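S.K.: Pasting final_11.cif here (mmCIF, C-alpha atoms):
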```cif
data_query
loop_
_atom_site.group_PDB
_atom_site.id
_atom_site.type_symbol
_atom_site.label_atom_id
_atom_site.label_comp_id
_atom_site.auth_asym_id
_atom_site.auth_seq_id
_atom_site.Cartn_x
_atom_site.Cartn_y
_atom_site.Cartn_z
ATOM 1 C CA MET R 1032 9.563 -8.330 3.603
ATOM 2 C CA ASP R 1033 7.005 -6.458 1.550
ATOM 3 C CA ILE R 1034 3.644 -7.648 0.268
ATOM 4 C CA GLN R 1035 4.673 -7.648 -3.402
ATOM 5 C CA GLU R 1036 7.694 -9.843 -2.631
ATOM 6 C CA VAL R 1037 5.477 -12.249 -0.717
ATOM 7 C CA LYS R 1038 2.936 -12.390 -3.563
ATOM 8 C CA ALA R 1039 5.732 -12.992 -6.074
ATOM 9 C CA ARG R 1040 7.067 -15.868 -3.974
ATOM 10 C CA ILE R 1041 3.595 -17.361 -3.581
ATOM 11 C CA LYS R 1042 3.212 -17.284 -7.369
ATOM 12 C CA GLU R 1043 6.595 -19.023 -7.717
ATOM 13 C CA ILE R 1044 5.420 -21.729 -5.305
ATOM 14 C CA ILE R 1045 2.266 -22.167 -7.387
ATOM 15 C CA PHE R 1046 4.399 -22.455 -10.536
ATOM 16 C CA GLU R 1047 6.697 -25.005 -8.872
ATOM 17 C CA THR R 1048 3.654 -27.069 -7.876
ATOM 18 C CA THR R 1049 1.475 -26.722 -10.983
ATOM 19 C CA ASN R 1050 3.619 -25.364 -13.860
ATOM 20 C CA VAL R 1051 1.126 -22.499 -14.286
ATOM 21 C CA LYS R 1052 3.193 -19.550 -15.497
ATOM 22 C CA VAL R 1053 3.732 -16.892 -12.848
ATOM 23 C CA GLU R 1054 2.671 -14.056 -15.150
ATOM 24 C CA THR R 1055 -0.738 -15.672 -15.690
ATOM 25 C CA ILE R 1056 -1.582 -15.953 -11.980
ATOM 26 C CA SER R 1057 -3.867 -13.182 -10.763
ATOM 27 C CA ASP R 1058 -3.711 -12.096 -7.126
ATOM 28 C CA THR R 1059 -7.468 -12.563 -6.834
ATOM 29 C CA ALA R 1060 -8.007 -15.725 -8.910
ATOM 30 C CA HIS R 1061 -9.621 -18.362 -6.712
ATOM 31 C CA PHE R 1062 -7.409 -21.463 -6.699
ATOM 32 C CA LYS R 1063 -10.299 -23.919 -6.868
ATOM 33 C CA ASP R 1064 -13.005 -22.057 -8.795
ATOM 34 C CA ASP R 1065 -10.926 -20.013 -11.253
ATOM 35 C CA MET R 1066 -7.762 -22.067 -11.579
ATOM 36 C CA ASP R 1067 -9.337 -25.534 -11.259
ATOM 37 C CA PHE R 1068 -6.795 -26.824 -8.739
ATOM 38 C CA ASP R 1069 -7.849 -30.102 -7.152
ATOM 39 C CA SER R 1070 -7.672 -30.769 -3.421
ATOM 40 C CA LEU R 1071 -4.284 -32.496 -3.637
ATOM 41 C CA THR R 1072 -2.767 -29.549 -5.509
ATOM 42 C CA LEU R 1073 -4.287 -27.124 -3.015
ATOM 43 C CA MET R 1074 -2.789 -29.134 -0.150
ATOM 44 C CA GLU R 1075 0.645 -29.133 -1.812
ATOM 45 C CA ILE R 1076 0.511 -25.353 -2.301
ATOM 46 C CA ALA R 1077 -0.649 -24.801 1.282
ATOM 47 C CA VAL R 1078 2.071 -27.037 2.735
ATOM 48 C CA SER R 1079 4.742 -25.318 0.632
ATOM 49 C CA ILE R 1080 3.589 -21.863 1.748
ATOM 50 C CA ASP R 1081 3.383 -23.053 5.352
ATOM 51 C CA GLN R 1082 6.960 -24.353 5.213
ATOM 52 C CA GLU R 1083 8.333 -21.358 3.285
ATOM 53 C CA TYR R 1084 7.071 -18.873 5.864
ATOM 54 C CA ASP R 1085 7.297 -21.097 8.962
ATOM 55 C CA LEU R 1086 3.604 -20.540 9.666
ATOM 56 C CA ASP R 1087 2.927 -23.804 11.479
ATOM 57 C CA LEU R 1088 -0.729 -23.562 10.503
ATOM 58 C CA PRO R 1089 -3.176 -26.225 11.589
ATOM 59 C CA GLU R 1090 -4.577 -28.066 8.561
ATOM 60 C CA ASP R 1091 -8.046 -26.622 9.116
ATOM 61 C CA GLN R 1092 -6.644 -23.157 8.308
ATOM 62 C CA PHE R 1093 -5.321 -24.309 4.921
ATOM 63 C CA ASP R 1094 -8.837 -23.622 3.613
ATOM 64 C CA LEU R 1095 -8.157 -19.909 4.146
ATOM 65 C CA LEU R 1096 -5.522 -19.998 1.401
ATOM 66 C CA VAL R 1097 -7.951 -19.426 -1.467
ATOM 67 C CA ASN R 1098 -5.934 -17.031 -3.657
ATOM 68 C CA VAL R 1099 -2.643 -15.137 -3.695
ATOM 69 C CA ASP R 1100 -4.102 -12.156 -1.807
ATOM 70 C CA ALA R 1101 -5.503 -14.376 0.956
ATOM 71 C CA CYS R 1102 -2.176 -16.210 1.283
ATOM 72 C CA ALA R 1103 -0.214 -12.963 1.543
ATOM 73 C CA GLN R 1104 -2.653 -11.573 4.113
ATOM 74 C CA LEU R 1105 -2.429 -14.714 6.229
ATOM 75 C CA ILE R 1106 1.385 -14.630 6.081
ATOM 76 C CA PHE R 1107 1.500 -10.982 7.178
ATOM 77 C CA THR R 1108 -1.040 -11.546 9.953
ATOM 78 C CA HIS R 1109 0.910 -14.535 11.192
ATOM 79 C CA CYS R 1110 4.258 -12.718 11.060
ATOM 80 C CA LYS R 1111 2.831 -9.740 12.986
ATOM 81 C CA SER R 1112 1.401 -11.964 15.709
ATOM 82 C CA LYS R 1113 4.745 -13.773 15.982
ATOM 83 C CA GLU R 1114 6.522 -10.407 16.366
ATOM 84 C CA SER R 1115 4.135 -9.259 19.093
ATOM 85 C CA VAL R 1116 4.608 -12.528 20.979
ATOM 86 C CA GLY R 1117 8.368 -12.560 20.520
ATOM 87 C CA GLY R 1118 8.912 -8.820 20.782
#
```
Could you spell out this file's structure in structure tokens?

M.R.:
Amino acid sequence: MDIQEVKARIKEIIFETTNVKVETISDTAHFKDDMDFDSLTLMEIAVSIDQEYDLDLPEDQFDLLVNVDACAQLIFTHCKSKESVGG
């Protein structure tokens, strides 16, 4: 799994949730401030990402998912900590 693949999948999840075209989603665009996603949409995106990558995040960490870059970073951090625990 590489970071560009993860970012591409995150953008697909955003498209599936919001119908915003993948090619218009910037890695650094803030979901709330730049893309005007409401709290329900943000929750749907966060839950979808959580399920896609088996993160099992507590809801209070969903606030960390503010843009594509932040989501990808959280996924990689989580996957690395899972490997170190399991490995």

S.K.: Mind giving me the straight-line distance from CA of Leu1071 (chain R) to CA of Ile1106 (chain R) in Å, one decimal?

M.R.: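 Taking CA of Leu1071 (chain R) as the start and CA of Ile1106 (chain R) as the end point, the length is 21.1 Å.
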
S.K.: Between R:Tyr1084, R:Val1078, R:Pro1089, R:Val1097, which is the closest to Arg1040 (chain R) once you count only C-alpha atoms?

M.R.: R:Tyr1084

S.K.: I'd like the residues picked by the PyMOL selection byres ((chain R and resi 1083) around 12) written out as a list in words, using the chain letters and numbers from the file.

M.R.: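 So the PyMOL selection byres ((chain R and resi 1083) around 12) ends up selecting Val1037, Arg1040, Ile1041, Glu1043, Ile1044, Ile1076, Ala1077, Val1078, Ser1079, Ile1080, Asp1081, Gln1082, Tyr1084, Asp1085, Leu1086, Asp1087, Leu1088, Cys1102 and Ile1106 of chain R.
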
S.K.: Box along x, y and z, 3 Å on every side, all listed atoms of region 1077-1089 of chain R inside: centre and edge lengths in Å to one decimal, as AutoDock Vina command-line options.

M.R.:
```
--center_x 2.6 --center_y -23.0 --center_z 6.1 --size_x 17.5 --size_y 14.2 --size_z 17.0
```

S.K.: Run through the PyMOL selection byres ((chain R and resi 1061) around 10) on the given coordinates and return the selected residues as a list of chain:residue names.

M.R.: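 Given this file, the PyMOL selection byres ((chain R and resi 1061) around 10) evaluates to R:Ile1056, R:Ser1057, R:Asp1058, R:Thr1059, R:Ala1060, R:Phe1062, R:Lys1063, R:Asp1064, R:Asp1065, R:Met1066, R:Asp1067, R:Phe1068, R:Leu1096, R:Val1097, R:Asn1098, R:Val1099, R:Asp1100, R:Ala1101.
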
S.K.: Quick one: distance from CA of Lys1038 (chain R) to CA of Ala1103 (chain R) in Å, one decimal?

M.R.: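 Between CA of Lys1038 (chain R) and CA of Ala1103 (chain R) the gap works out to 6.0 Å.
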
S.K.: Please compute the CA of Val1053 (chain R)-CA of Asp1094 (chain R) distance, one decimal, in Å.

M.R.: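 For CA of Val1053 (chain R) relative to CA of Asp1094 (chain R), the distance reads 21.8 Å.
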
S.K.: Which polymer residues, whether protein, DNA or RNA, lie within 10 Å of the coordinate (5.6, -32.9, -6.8) when you count all atoms listed in the file? List them as a list in words, using the chain letters and numbers from the file.

M.R.: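 The distance filter leaves exactly Glu1047, Thr1048, Thr1049, Thr1072 and Glu1075 of chain R.
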